[in-house]
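K.L.:
After the structure tokens below, expect a handful of questions from me.
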Amino acid sequence: MERTLSKEIPGLVGQKVKMCGWVDTIRAHGKIVFFDLRDRSGIAQAIFMLSKQEQDAEMNEMAKKLTPECAIEIEGLIKERPQGMENKKIETGGVEVQVEKIKLVGKAEILPFDIKDLNSGLPIVLDHRPLTLRNEKVKAVFKLQEEMIASFRRALSSLDFTEFQSPSIIPQASEGGSEVFHIDYFDYSAYLAQSPQFYKQILVGVFERVFTVNQAYRAEPSMTTRHLCEYTSLDAEMGCINSWEELMDTAELVTKNILTDMQKNRAKELAIFNPQISDLNVKFPRIKMREAQKIVLERTGRDNTKEPDLQPDDEKELCKYAKEKYGSDFIFITHYPTKKRPFYTFADPNDPEYTLSFDLLYNGLELISGGQRINDYQTLVENIKKWGNNPENFEFYLQAFKYGMPMEGGFAFGAERMIKQLLGLENIREATLFPRDMERIDQRLSILQGEKKKDKN
RNA sequence: GGGGACGUAGUGUAGCCUGGUUUAACACGCCUUCCUGUCACGAAGGAGAUCAUGGGUUCAAAUCCCACCGUCCCCGCCA
């Protein structure tokens, strides 16, 4: 018999079906046992009568053995539920499966906690990730993340961007500030990519418009609610631009597309979190960093106008400001100081102390970072020196510029951060399937390799 | 790299400030029994914690002090 999915059963009343999935909950009432069968399409109620007939003794035993999360195959008859017994909360609530055969195909041990009502602390949730990912709400986070990435791809593909796969092993650091992971590379050393920056720029010289969905690695010795050692970076880069504002236009378009697509294609999952999304017809406000600092000063009395960058509290305040004044969850902050940006960032010709760069803040957190890049070979070489590096080490990258590069720029955003901000999650790890941080690679490193850590000290 | 907080059954919490009426409480889960219309089913009963670990103060420590391990959060930095 062909397998039937939960969502199909309302149309199959009177028919015999075979189904496969997990036992979601069990409600036993002596001689009548209800359980919910969960598969990839949803939930179906199954009903099973314990009978006194001897030939069913084995089946009766089986029904008693059912435990939450065990994997089963059942055969049975689809029936309308008796009047008044419908459950409007589930899509298949008008019908049920009268079970004739149960086969336990994957026994489940006693659960360490209630995964239907997950209120354990995050370390416990992450310790049991293979199990906790089965929770409806947790699962929804990653269906939304899938849609986000799919939407990013669709938006850029439709703008004639070429997708590419960026290498994870790189010969030297590509970003200024952040720490890198060293790896053994035969008799030499290499690094894990902090970003696909150099490769996307090189490929602008080839395809003109490119994007990539990649893992990025940062060895920041920090434990915060917004940092990961491995995160998913959505990168785009485009050449032959007229102005750096085009980059912001594209970033804005992609961001709005993502939110629209989620509302359109993942309404069910989104509804679990019920996020308040601001009017997407509103253009994201764009203000210079120095103006932003003045706004913060006016609104809060905090004078950070001499700081070279925005403080996290300032970013939260500016988002409040954007919301109040423009009705936007998003705000672009532009013209960061040249000194605070990587060597390849394009300085404003009218004000060289500041760059044609931008960050997009979303509900108080940096979501996108981008800007115009230096496309002139000589200027790049000089900047590499100014930043204290040897241009010889960048020769490979520099070829892209040595042999002709148009005006170009791009942006990148963290997939996990966007999901965290959209859904109002408290910790970025909740927006990551298998988060890596200082203390954890799946399992806690202190448990997994406690001895090693001690050896180092 | 700097700072702050927390560790009590499988899970989530209360108790700690003000040490002794605590046989360490409650909820979920688990086990047993009952239940033919539940849908996070319900009812009755039961098991499960040397209060993270080590030391100290005290007649007496989950409670106060120190050390250590673990966990979380904030800052720096960043997406």
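Chains: A, B, ... in order of the structure tokens. Residues: from 1 per chain. Ligands: from 1, in order shown.
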Under the rule of at most 7 Å, produce a per-residue listing of chain B near chain A: chain, number, name, the closest pair of atoms, and the distance in Å, as a Markdown table, using only C-alpha atoms (C1' of nucleotides).
P.N.:
```
| residue | atom | partner | partner_atom | distance |
| --- | --- | --- | --- | --- |
| B:G10 | C1' | A:Pro112 | CA | 5.2 |
| B:U11 | C1' | A:Phe113 | CA | 4.8 |
| B:G12 | C1' | A:Ser120 | CA | 6.2 |
| B:G29 | C1' | A:Phe113 | CA | 6.2 |
| B:C35 | C1' | A:Gly30 | CA | 5.2 |
| B:U36 | C1' | A:Ile32 | CA | 5.4 |
| B:G37 | C1' | A:Met85 | CA | 7.0 |
| B:U38 | C1' | A:Arg27 | CA | 6.4 |
| B:C41 | C1' | A:Arg27 | CA | 6.0 |
| B:C77 | C1' | A:Ser178 | CA | 6.9 |
| B:A79 | C1' | A:Gly414 | CA | 4.6 |
```
K.L.:
Take the residues just selected and output them with C-alpha atoms (C1' of nucleotides) as a tab-separated table (two decimals), in the first residue's frame.
P.N.:
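New file selection-v6.tsv:
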```tsv
chain	number	residue	atom	x	y	z
B	10	G	C1'	15.04	13.77	34.22
B	11	U	C1'	13.11	19.16	33.12
B	12	G	C1'	11.45	24.05	35.03
B	29	G	C1'	7.83	14.03	33.00
B	35	C	C1'	-11.28	5.41	32.80
B	36	U	C1'	-15.09	4.36	25.26
B	37	G	C1'	-14.43	10.66	22.87
B	38	U	C1'	-9.85	12.81	24.35
B	41	C	C1'	-7.32	14.15	28.49
B	77	C	C1'	34.56	43.48	18.40
B	79	A	C1'	27.19	39.86	10.73
```
K.L.:
List every residue of stretch 374-417 of chain A that DSSP, applied to the backbone, labels as alpha helix (DSSP H), and write the result as number ranges by chain.
P.N.:
A: 377-386, 395-402, 415-417
K.L.:
Using N, CA and C atoms, can you write the selected residues to a file as a short mmCIF file (atom, residue, chain, number, x, y, z; two decimals), in the first residue's frame?
P.N.:
```
data_model
loop_
_atom_site.label_atom_id
_atom_site.label_comp_id
_atom_site.auth_asym_id
_atom_site.auth_seq_id
_atom_site.Cartn_x
_atom_site.Cartn_y
_atom_site.Cartn_z
N TYR A 377 43.66 49.79 -8.63
CA TYR A 377 44.75 48.93 -8.18
C TYR A 377 45.75 49.67 -7.29
N GLN A 378 46.24 50.84 -7.77
CA GLN A 378 47.26 51.57 -7.02
C GLN A 378 46.76 51.99 -5.63
N THR A 379 45.52 52.49 -5.59
CA THR A 379 44.96 52.93 -4.31
C THR A 379 44.86 51.75 -3.34
N LEU A 380 44.48 50.59 -3.86
CA LEU A 380 44.38 49.40 -3.02
C LEU A 380 45.73 49.01 -2.44
N VAL A 381 46.73 49.01 -3.31
CA VAL A 381 48.09 48.65 -2.87
C VAL A 381 48.55 49.60 -1.77
N GLU A 382 48.31 50.88 -1.97
CA GLU A 382 48.71 51.87 -0.95
C GLU A 382 47.97 51.63 0.36
N ASN A 383 46.69 51.32 0.24
CA ASN A 383 45.90 51.10 1.46
C ASN A 383 46.36 49.85 2.22
N ILE A 384 46.70 48.82 1.49
CA ILE A 384 47.20 47.60 2.15
C ILE A 384 48.41 47.96 2.98
N LYS A 385 49.29 48.78 2.41
CA LYS A 385 50.48 49.22 3.15
C LYS A 385 50.08 50.05 4.36
N LYS A 386 49.15 50.99 4.15
CA LYS A 386 48.69 51.87 5.23
C LYS A 386 48.12 51.06 6.39
N GLU A 395 48.67 39.48 -3.55
CA GLU A 395 48.88 39.53 -4.99
C GLU A 395 47.77 38.84 -5.78
N PHE A 396 47.35 37.71 -5.25
CA PHE A 396 46.31 36.93 -5.93
C PHE A 396 45.03 37.75 -6.08
N TYR A 397 44.58 38.28 -4.94
CA TYR A 397 43.38 39.13 -4.90
C TYR A 397 43.56 40.35 -5.80
N LEU A 398 44.75 40.94 -5.75
CA LEU A 398 45.00 42.19 -6.47
C LEU A 398 44.94 42.05 -7.99
N GLN A 399 45.15 40.82 -8.47
CA GLN A 399 45.06 40.61 -9.93
C GLN A 399 43.73 41.09 -10.49
N ALA A 400 42.67 40.89 -9.69
CA ALA A 400 41.34 41.29 -10.15
C ALA A 400 41.29 42.78 -10.46
N PHE A 401 42.10 43.54 -9.75
CA PHE A 401 42.08 45.00 -9.90
C PHE A 401 43.16 45.47 -10.88
N LYS A 402 44.24 44.70 -10.91
CA LYS A 402 45.35 45.00 -11.81
C LYS A 402 44.88 44.95 -13.26
N ALA A 415 22.39 35.51 8.29
CA ALA A 415 21.07 34.88 8.22
C ALA A 415 20.50 34.70 9.63
N GLU A 416 21.33 34.26 10.55
CA GLU A 416 20.85 33.99 11.91
C GLU A 416 20.39 35.27 12.59
N ARG A 417 21.12 36.36 12.34
CA ARG A 417 20.74 37.63 12.97
C ARG A 417 19.39 38.11 12.47
#
```
K.L.:
Can you tell me, as number ranges by chain, what residues are no more than 12 Å from B:C6 when counting only C-alpha atoms (C1' of nucleotides), ignoring any on the same chain fewer than 6 positions away?
P.N.:
B: 52, 70-73
K.L.:
Please compute the atom CA of A:Arg129-atom CA of A:Thr255 distance, one decimal, in Å.
P.N.:
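These atoms are spaced 29.0 Å apart.
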K.L.:
Which of stretch 165-276 of chain A counts as strand (DSSP E or B) under DSSP, as a VMD selection string please?
P.N.:
chain A and resid 169 to 170 182 to 185 188 to 192 209 to 217 230 to 239
K.L.:
Taking 4 positions as the minimum chain separation for residues in the same chain, which residues sit within 6 Å of A:Glu69 when counting only C-alpha atoms (C1' of nucleotides)? Answer as a list in words.
P.N.:
Trp22, Val23, Asp24 and Ala108 of chain A
K.L.:
Generate a file of the selected residues that holds N, CA and C atoms, formatted as a PDB file, in the first residue's frame.
P.N.:
```pdb
ATOM      1  N   TRP A  22       5.797   9.944  13.523  1.00  0.00           N
ATOM      2  CA  TRP A  22       6.167   9.899  14.939  1.00  0.00           C
ATOM      3  C   TRP A  22       4.935  10.058  15.807  1.00  0.00           C
ATOM      4  N   VAL A  23       4.946   9.415  16.962  1.00  0.00           N
ATOM      5  CA  VAL A  23       3.866   9.614  17.922  1.00  0.00           C
ATOM      6  C   VAL A  23       4.096  10.941  18.615  1.00  0.00           C
ATOM      7  N   ASP A  24       3.145  11.837  18.447  1.00  0.00           N
ATOM      8  CA  ASP A  24       3.282  13.184  19.005  1.00  0.00           C
ATOM      9  C   ASP A  24       2.817  13.214  20.458  1.00  0.00           C
ATOM     10  N   ALA A 108      11.449   4.893  20.991  1.00  0.00           N
ATOM     11  CA  ALA A 108      12.004   6.120  21.565  1.00  0.00           C
ATOM     12  C   ALA A 108      12.183   5.939  23.060  1.00  0.00           C
TER      13      ALA A 108
END
```
K.L.:
Can you pull out the residues contacting B:U13? Cut-off 10 Å, using only C-alpha atoms (C1' of nucleotides), and skip same-chain residues under 4 positions away; I want them as a VMD selection string.
P.N.:
chain B and resid 8 26 to 27
K.L.:
For the selection you just gave me, I'd like the residues written to a file as a PDB file, in the first residue's frame, keeping N, CA and C atoms (P, O5', C5', C4', C3', O3' and C1' of nucleotides).
P.N.:
```pdb
ATOM      1  P     U B   8      20.763  23.675  39.774  1.00  0.00           P
ATOM      2  O5'   U B   8      20.419  23.306  41.280  1.00  0.00           O
ATOM      3  C5'   U B   8      21.097  22.242  41.933  1.00  0.00           C
ATOM      4  C4'   U B   8      20.263  21.717  43.065  1.00  0.00           C
ATOM      5  C3'   U B   8      18.976  21.012  42.646  1.00  0.00           C
ATOM      6  O3'   U B   8      19.228  19.662  42.288  1.00  0.00           O
ATOM      7  C1'   U B   8      18.485  22.552  44.361  1.00  0.00           C
ATOM      8  P     C B  26       4.718  18.914  47.421  1.00  0.00           P
ATOM      9  O5'   C B  26       4.575  19.915  46.198  1.00  0.00           O
ATOM     10  C5'   C B  26       3.642  21.008  46.280  1.00  0.00           C
ATOM     11  C4'   C B  26       3.802  21.907  45.082  1.00  0.00           C
ATOM     12  C3'   C B  26       3.683  21.238  43.722  1.00  0.00           C
ATOM     13  O3'   C B  26       2.336  21.006  43.358  1.00  0.00           O
ATOM     14  C1'   C B  26       5.525  22.707  43.705  1.00  0.00           C
ATOM     15  P     A B  27       1.956  19.774  42.404  1.00  0.00           P
ATOM     16  O5'   A B  27       2.415  20.312  40.969  1.00  0.00           O
ATOM     17  C5'   A B  27       1.705  21.389  40.346  1.00  0.00           C
ATOM     18  C4'   A B  27       2.395  21.764  39.056  1.00  0.00           C
ATOM     19  C3'   A B  27       2.627  20.609  38.086  1.00  0.00           C
ATOM     20  O3'   A B  27       1.483  20.329  37.305  1.00  0.00           O
ATOM     21  C1'   A B  27       4.615  21.867  38.305  1.00  0.00           C
TER      22        A B  27
END
```
K.L.:
Name the residues in contact with B:U33 at a cut-off of 12 Å, using only C-alpha atoms (C1' of nucleotides), excluding same-chain residues fewer than 6 positions from it; report them as a PDB file with N, CA and C atoms (P, O5', C5', C4', C3', O3' and C1' of nucleotides), in the first residue's frame.
P.N.:
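To be explicit, this is the file written out as selection34.pdb:
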```
ATOM      1  N   GLY A  30      -8.233   3.969  29.032  1.00  0.00           N
ATOM      2  CA  GLY A  30      -8.659   2.608  29.276  1.00  0.00           C
ATOM      3  C   GLY A  30      -8.818   1.836  27.981  1.00  0.00           C
TER       4      GLY A  30
ATOM      5  P     A B  43      -6.952  15.603  37.276  1.00  0.00           P
ATOM      6  O5'   A B  43      -7.500  14.269  37.969  1.00  0.00           O
ATOM      7  C5'   A B  43      -8.824  14.234  38.485  1.00  0.00           C
ATOM      8  C4'   A B  43      -9.107  12.894  39.118  1.00  0.00           C
ATOM      9  C3'   A B  43      -8.070  12.410  40.129  1.00  0.00           C
ATOM     10  O3'   A B  43      -8.235  12.992  41.395  1.00  0.00           O
ATOM     11  C1'   A B  43      -8.601  10.656  38.651  1.00  0.00           C
ATOM     12  P     A B  44      -6.972  13.260  42.347  1.00  0.00           P
ATOM     13  O5'   A B  44      -6.615  11.802  42.874  1.00  0.00           O
ATOM     14  C5'   A B  44      -7.511  11.136  43.759  1.00  0.00           C
ATOM     15  C4'   A B  44      -7.042   9.726  44.000  1.00  0.00           C
ATOM     16  C3'   A B  44      -5.599   9.585  44.499  1.00  0.00           C
ATOM     17  O3'   A B  44      -5.469   9.835  45.878  1.00  0.00           O
ATOM     18  C1'   A B  44      -5.982   8.047  42.752  1.00  0.00           C
ATOM     19  P     G B  45      -4.114  10.487  46.429  1.00  0.00           P
ATOM     20  O5'   G B  45      -3.047   9.321  46.247  1.00  0.00           O
ATOM     21  C5'   G B  45      -2.988   8.242  47.183  1.00  0.00           C
ATOM     22  C4'   G B  45      -2.188   7.102  46.631  1.00  0.00           C
ATOM     23  C3'   G B  45      -0.677   7.288  46.589  1.00  0.00           C
ATOM     24  O3'   G B  45      -0.052   7.140  47.843  1.00  0.00           O
ATOM     25  C1'   G B  45      -1.403   6.330  44.562  1.00  0.00           C
ATOM     26  P     G B  46       1.283   7.970  48.177  1.00  0.00           P
ATOM     27  O5'   G B  46       2.376   7.269  47.245  1.00  0.00           O
ATOM     28  C5'   G B  46       2.749   5.906  47.489  1.00  0.00           C
ATOM     29  C4'   G B  46       3.678   5.421  46.411  1.00  0.00           C
ATOM     30  C3'   G B  46       5.023   6.126  46.306  1.00  0.00           C
ATOM     31  O3'   G B  46       5.943   5.664  47.275  1.00  0.00           O
ATOM     32  C1'   G B  46       4.110   5.836  44.140  1.00  0.00           C
TER      33        G B  46
END
```
K.L.:
Can you tell me, as a list in words, what residues are no more than 12 Å from A:Pro130 when counting only C-alpha atoms (C1' of nucleotides), ignoring any on the same chain fewer than 2 positions away?
P.N.:
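Near A:Pro130, the qualifying residues are Glu69, Leu111, Ile115, Ile124, Val125, Leu126, Asp127, His128, Thr132, Leu133, Arg134, Asn135, Val138, Lys139, Leu433, Phe434, Asp442 and Gln443 of chain A.
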K.L.:
Interatomic distance between atom CA of A:Lys143 and atom CA of A:Arg38?
P.N.:
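The value is 16.5 Å.
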K.L.:
Name the closest residue to A:Ala271 among the candidates A:His182, A:Asp303, A:Gln194, A:Leu423; distances are taken between atoms, counting only C-alpha atoms.
P.N.:
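Smallest distance to A:Ala271 is found for A:Leu423.
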